[in-house]
Each structure stands twice: as structure tokens, then as C-alpha cells.
Amino acid sequence: MPKLSEDVTPIWERIREATADLSESERSKFLQDICGVRQSSVSRWRVGTNDIALEHVKSICARTGFCVAYIMDGTGPARQEQPDIDQLMRKFEGLSEEGKERVLEFLEFQAGRDAD
């Protein structure tokens with residue numbers, strides 16, 4: 001495991017890993033946007049003054065593909081397994097018409113939630 005910077009928490013190091021393609025200022029803005037918090041909250045997470053809420057970790061993981069357990073406590077795999085699109089399509093094609101409609105309705109619902 002890499003040596004932690006003295007001024008940040010272990011969870012922040014894992015958030016940095018999940019958002020490695022962003023600069024510090026971009027990372028802060030990204031976290032503010034997806035978690036719906038202010039800069040001051042992100043700063044407190046960074047230094048450990050406040051703990052990050054599970055709902056915020058879930059938002060970060062949904063956008064980065066990292067696993068909640070990994071971000072929270074460093075356990076388990078870092079990244080979620082990516083589904084095999086061909087396998088998913090085969091399963092979708094095997095559904096009844098009603099089943100396909102329900103899946104599509106769910107996807108539309110999720111897309112609307114993610115857009116908010």
C-alpha cells in the first residue's frame with residue numbers, strides 16, 4: 001500500500017485513486033457536484049474533520065466504477081467487475097416482452113435519477 005500523505009485520510013487517498021484522472025481542483029468540483037455538497041465539506045473529508053456519508057461514497061462509486069467497501073475501508077476489490085455486454089444482451093433477448101419492457105422502464109428510471 002502506498003505511503004499516505006500526512007495531511008489526508010486513508011479514505012481520501014482511495015478517493016484520489018478513484019478520481020486519479022482529475023486534478024485536485026477538478027476532483028473537488030466533481031465531488032461537490034455528484035454529492036451535492038459545498039467545498040467546505042469536501043475539505044473536511046480530505047483531512048478527516050468530518051466523515052464522509054455512505055450515500056456520498058455510493059455516489060462516487062457509481063460514477064467511478066470503484067467499490068464501496070474499497071473506498072470506505074480498503075477491503076475487497078478496488079473496481080467493480082464490468083459486465084460482459086454480449087452476455088447481458090443475450091439475457092435481455094431471452095426475456096419475455098413484458099420482462100423487456102420492465103427492464104427498459106427501470107433503465108429509464110435510473111437514467112432520470114442519475115440526471116438529477
# chains A, B, ... in the order shown; residues from 1 in each chain; ligands from 1
>>> select_by_dssp(residues="chain A", states="helix (DSSP H, G or I)", output="MDAnalysis selection string")
chainID A and resid 10:18 24:35 39:47 54:64 68:73 85:93 97:115
>>> atom_distance(atom1="CA of Gln82 (chain A)", atom2="CA of Glu24 (chain A)")
26.9 Å
>>> residues_around(residues="Gln39 (chain A)", least_positions_apart="6", cutoff="12 Å", atoms="only C-alpha atoms", output="PyMOL selection string")
chain A and resi 24-33+45-46
>>> closest_residue(among="A:Lys100, A:Met89, A:Ala69, A:Thr9", to="Asn50 (chain A)", atoms="only C-alpha atoms")
A:Thr9
>>> atom_distance(atom1="CA of Glu13 (chain A)", atom2="CA of His56 (chain A)")
15.6 Å
>>> closest_residue(among="A:Arg79, A:Arg16, A:Arg90, A:Arg113", to="Cys61 (chain A)", atoms="only C-alpha atoms")
A:Arg79
>>> residues_around(residues="Glu17 (chain A)", least_positions_apart="6", cutoff="12 Å", atoms="only C-alpha atoms", output="list of chain:residue names")
A:Met1, A:Pro2, A:Leu4, A:Pro10, A:Ile11, A:Ser23, A:Glu24, A:Arg27, A:Ile60, A:Cys61, A:Thr64, A:Gly65, A:Phe66, A:Cys67, A:Tyr70, A:Ile71, A:Gly74, A:Ala78, A:Arg79
>>> decode(residues="region 20-65 of chain A", atoms="N, CA and C atoms", output="PDB file, in the first residue's frame")
ATOM      1  N   ALA A  20      -8.273   9.538 -10.145  1.00  0.00           N
ATOM      2  CA  ALA A  20      -6.876   9.841 -10.484  1.00  0.00           C
ATOM      3  C   ALA A  20      -6.723  10.692 -11.741  1.00  0.00           C
ATOM      4  N   ASP A  21      -7.696  10.665 -12.619  1.00  0.00           N
ATOM      5  CA  ASP A  21      -7.599  11.438 -13.856  1.00  0.00           C
ATOM      6  C   ASP A  21      -7.943  12.912 -13.653  1.00  0.00           C
ATOM      7  N   LEU A  22      -8.298  13.306 -12.427  1.00  0.00           N
ATOM      8  CA  LEU A  22      -8.676  14.690 -12.135  1.00  0.00           C
ATOM      9  C   LEU A  22      -7.594  15.393 -11.313  1.00  0.00           C
ATOM     10  N   SER A  23      -7.421  16.683 -11.548  1.00  0.00           N
ATOM     11  CA  SER A  23      -6.545  17.488 -10.695  1.00  0.00           C
ATOM     12  C   SER A  23      -7.265  17.698  -9.363  1.00  0.00           C
ATOM     13  N   GLU A  24      -6.564  18.245  -8.368  1.00  0.00           N
ATOM     14  CA  GLU A  24      -7.200  18.477  -7.069  1.00  0.00           C
ATOM     15  C   GLU A  24      -8.409  19.393  -7.200  1.00  0.00           C
ATOM     16  N   SER A  25      -8.301  20.465  -7.968  1.00  0.00           N
ATOM     17  CA  SER A  25      -9.440  21.385  -8.107  1.00  0.00           C
ATOM     18  C   SER A  25     -10.583  20.732  -8.877  1.00  0.00           C
ATOM     19  N   GLU A  26     -10.258  19.945  -9.906  1.00  0.00           N
ATOM     20  CA  GLU A  26     -11.299  19.220 -10.646  1.00  0.00           C
ATOM     21  C   GLU A  26     -11.965  18.175  -9.755  1.00  0.00           C
ATOM     22  N   ARG A  27     -11.164  17.499  -8.943  1.00  0.00           N
ATOM     23  CA  ARG A  27     -11.691  16.476  -8.032  1.00  0.00           C
ATOM     24  C   ARG A  27     -12.671  17.116  -7.048  1.00  0.00           C
ATOM     25  N   SER A  28     -12.289  18.235  -6.485  1.00  0.00           N
ATOM     26  CA  SER A  28     -13.152  18.920  -5.526  1.00  0.00           C
ATOM     27  C   SER A  28     -14.478  19.302  -6.177  1.00  0.00           C
ATOM     28  N   LYS A  29     -14.432  19.877  -7.353  1.00  0.00           N
ATOM     29  CA  LYS A  29     -15.652  20.277  -8.068  1.00  0.00           C
ATOM     30  C   LYS A  29     -16.501  19.048  -8.407  1.00  0.00           C
ATOM     31  N   PHE A  30     -15.868  17.978  -8.872  1.00  0.00           N
ATOM     32  CA  PHE A  30     -16.546  16.727  -9.196  1.00  0.00           C
ATOM     33  C   PHE A  30     -17.298  16.205  -7.974  1.00  0.00           C
ATOM     34  N   LEU A  31     -16.618  16.171  -6.819  1.00  0.00           N
ATOM     35  CA  LEU A  31     -17.237  15.657  -5.606  1.00  0.00           C
ATOM     36  C   LEU A  31     -18.373  16.558  -5.136  1.00  0.00           C
ATOM     37  N   GLN A  32     -18.191  17.852  -5.249  1.00  0.00           N
ATOM     38  CA  GLN A  32     -19.259  18.779  -4.886  1.00  0.00           C
ATOM     39  C   GLN A  32     -20.494  18.520  -5.748  1.00  0.00           C
ATOM     40  N   ASP A  33     -20.262  18.371  -7.043  1.00  0.00           N
ATOM     41  CA  ASP A  33     -21.374  18.183  -7.987  1.00  0.00           C
ATOM     42  C   ASP A  33     -22.118  16.870  -7.761  1.00  0.00           C
ATOM     43  N   ILE A  34     -21.381  15.765  -7.668  1.00  0.00           N
ATOM     44  CA  ILE A  34     -22.082  14.480  -7.579  1.00  0.00           C
ATOM     45  C   ILE A  34     -22.638  14.196  -6.191  1.00  0.00           C
ATOM     46  N   CYS A  35     -22.058  14.817  -5.161  1.00  0.00           N
ATOM     47  CA  CYS A  35     -22.546  14.586  -3.799  1.00  0.00           C
ATOM     48  C   CYS A  35     -23.470  15.696  -3.316  1.00  0.00           C
ATOM     49  N   GLY A  36     -23.531  16.783  -4.045  1.00  0.00           N
ATOM     50  CA  GLY A  36     -24.403  17.883  -3.651  1.00  0.00           C
ATOM     51  C   GLY A  36     -23.966  18.564  -2.365  1.00  0.00           C
ATOM     52  N   VAL A  37     -22.653  18.738  -2.211  1.00  0.00           N
ATOM     53  CA  VAL A  37     -22.114  19.361  -1.006  1.00  0.00           C
ATOM     54  C   VAL A  37     -21.284  20.593  -1.377  1.00  0.00           C
ATOM     55  N   ARG A  38     -20.884  21.333  -0.355  1.00  0.00           N
ATOM     56  CA  ARG A  38     -20.046  22.517  -0.564  1.00  0.00           C
ATOM     57  C   ARG A  38     -18.571  22.149  -0.490  1.00  0.00           C
ATOM     58  N   GLN A  39     -17.753  23.076  -0.952  1.00  0.00           N
ATOM     59  CA  GLN A  39     -16.303  22.909  -0.900  1.00  0.00           C
ATOM     60  C   GLN A  39     -15.827  22.620   0.524  1.00  0.00           C
ATOM     61  N   SER A  40     -16.427  23.271   1.491  1.00  0.00           N
ATOM     62  CA  SER A  40     -16.001  23.079   2.887  1.00  0.00           C
ATOM     63  C   SER A  40     -16.189  21.622   3.333  1.00  0.00           C
ATOM     64  N   SER A  41     -17.255  20.973   2.861  1.00  0.00           N
ATOM     65  CA  SER A  41     -17.467  19.556   3.211  1.00  0.00           C
ATOM     66  C   SER A  41     -16.376  18.687   2.606  1.00  0.00           C
ATOM     67  N   VAL A  42     -16.063  18.936   1.348  1.00  0.00           N
ATOM     68  CA  VAL A  42     -15.013  18.157   0.680  1.00  0.00           C
ATOM     69  C   VAL A  42     -13.686  18.353   1.416  1.00  0.00           C
ATOM     70  N   SER A  43     -13.384  19.573   1.813  1.00  0.00           N
ATOM     71  CA  SER A  43     -12.139  19.847   2.550  1.00  0.00           C
ATOM     72  C   SER A  43     -12.105  19.098   3.874  1.00  0.00           C
ATOM     73  N   ARG A  44     -13.242  19.037   4.561  1.00  0.00           N
ATOM     74  CA  ARG A  44     -13.289  18.323   5.847  1.00  0.00           C
ATOM     75  C   ARG A  44     -13.124  16.813   5.639  1.00  0.00           C
ATOM     76  N   TRP A  45     -13.662  16.275   4.539  1.00  0.00           N
ATOM     77  CA  TRP A  45     -13.443  14.854   4.245  1.00  0.00           C
ATOM     78  C   TRP A  45     -11.951  14.602   4.028  1.00  0.00           C
ATOM     79  N   ARG A  46     -11.321  15.514   3.325  1.00  0.00           N
ATOM     80  CA  ARG A  46      -9.907  15.353   2.953  1.00  0.00           C
ATOM     81  C   ARG A  46      -9.030  15.193   4.194  1.00  0.00           C
ATOM     82  N   VAL A  47      -9.257  16.016   5.194  1.00  0.00           N
ATOM     83  CA  VAL A  47      -8.396  15.995   6.382  1.00  0.00           C
ATOM     84  C   VAL A  47      -8.972  15.181   7.533  1.00  0.00           C
ATOM     85  N   GLY A  48     -10.191  14.685   7.385  1.00  0.00           N
ATOM     86  CA  GLY A  48     -10.775  13.823   8.398  1.00  0.00           C
ATOM     87  C   GLY A  48     -11.515  14.550   9.506  1.00  0.00           C
ATOM     88  N   THR A  49     -11.788  15.842   9.319  1.00  0.00           N
ATOM     89  CA  THR A  49     -12.566  16.580  10.317  1.00  0.00           C
ATOM     90  C   THR A  49     -13.982  16.030  10.392  1.00  0.00           C
ATOM     91  N   ASN A  50     -14.542  15.682   9.228  1.00  0.00           N
ATOM     92  CA  ASN A  50     -15.871  15.053   9.147  1.00  0.00           C
ATOM     93  C   ASN A  50     -15.744  13.760   8.358  1.00  0.00           C
ATOM     94  N   ASP A  51     -16.520  12.771   8.764  1.00  0.00           N
ATOM     95  CA  ASP A  51     -16.578  11.528   7.998  1.00  0.00           C
ATOM     96  C   ASP A  51     -17.480  11.728   6.796  1.00  0.00           C
ATOM     97  N   ILE A  52     -17.152  11.053   5.729  1.00  0.00           N
ATOM     98  CA  ILE A  52     -17.980  11.100   4.529  1.00  0.00           C
ATOM     99  C   ILE A  52     -19.150  10.138   4.707  1.00  0.00           C
ATOM    100  N   ALA A  53     -20.343  10.587   4.359  1.00  0.00           N
ATOM    101  CA  ALA A  53     -21.540   9.753   4.489  1.00  0.00           C
ATOM    102  C   ALA A  53     -21.528   8.637   3.443  1.00  0.00           C
ATOM    103  N   LEU A  54     -22.105   7.521   3.823  1.00  0.00           N
ATOM    104  CA  LEU A  54     -22.186   6.380   2.923  1.00  0.00           C
ATOM    105  C   LEU A  54     -22.874   6.756   1.609  1.00  0.00           C
ATOM    106  N   GLU A  55     -23.926   7.570   1.671  1.00  0.00           N
ATOM    107  CA  GLU A  55     -24.624   7.961   0.442  1.00  0.00           C
ATOM    108  C   GLU A  55     -23.686   8.688  -0.520  1.00  0.00           C
ATOM    109  N   HIS A  56     -22.743   9.473   0.014  1.00  0.00           N
ATOM    110  CA  HIS A  56     -21.789  10.181  -0.839  1.00  0.00           C
ATOM    111  C   HIS A  56     -20.776   9.211  -1.440  1.00  0.00           C
ATOM    112  N   VAL A  57     -20.338   8.247  -0.648  1.00  0.00           N
ATOM    113  CA  VAL A  57     -19.418   7.230  -1.163  1.00  0.00           C
ATOM    114  C   VAL A  57     -20.100   6.446  -2.283  1.00  0.00           C
ATOM    115  N   LYS A  58     -21.365   6.113  -2.097  1.00  0.00           N
ATOM    116  CA  LYS A  58     -22.106   5.395  -3.143  1.00  0.00           C
ATOM    117  C   LYS A  58     -22.175   6.219  -4.419  1.00  0.00           C
ATOM    118  N   SER A  59     -22.374   7.527  -4.298  1.00  0.00           N
ATOM    119  CA  SER A  59     -22.413   8.401  -5.477  1.00  0.00           C
ATOM    120  C   SER A  59     -21.064   8.404  -6.193  1.00  0.00           C
ATOM    121  N   ILE A  60     -19.993   8.480  -5.423  1.00  0.00           N
ATOM    122  CA  ILE A  60     -18.648   8.465  -6.006  1.00  0.00           C
ATOM    123  C   ILE A  60     -18.413   7.145  -6.725  1.00  0.00           C
ATOM    124  N   CYS A  61     -18.790   6.060  -6.087  1.00  0.00           N
ATOM    125  CA  CYS A  61     -18.574   4.736  -6.680  1.00  0.00           C
ATOM    126  C   CYS A  61     -19.407   4.535  -7.943  1.00  0.00           C
ATOM    127  N   ALA A  62     -20.627   5.036  -7.937  1.00  0.00           N
ATOM    128  CA  ALA A  62     -21.484   4.905  -9.120  1.00  0.00           C
ATOM    129  C   ALA A  62     -20.861   5.607 -10.316  1.00  0.00           C
ATOM    130  N   ARG A  63     -20.161   6.696 -10.086  1.00  0.00           N
ATOM    131  CA  ARG A  63     -19.568   7.463 -11.178  1.00  0.00           C
ATOM    132  C   ARG A  63     -18.177   6.981 -11.568  1.00  0.00           C
ATOM    133  N   THR A  64     -17.468   6.325 -10.647  1.00  0.00           N
ATOM    134  CA  THR A  64     -16.079   5.944 -10.927  1.00  0.00           C
ATOM    135  C   THR A  64     -15.875   4.459 -11.200  1.00  0.00           C
ATOM    136  N   GLY A  65     -16.860   3.625 -10.832  1.00  0.00           N
ATOM    137  CA  GLY A  65     -16.695   2.183 -11.005  1.00  0.00           C
ATOM    138  C   GLY A  65     -15.930   1.525  -9.863  1.00  0.00           C
TER     139      GLY A  65
END
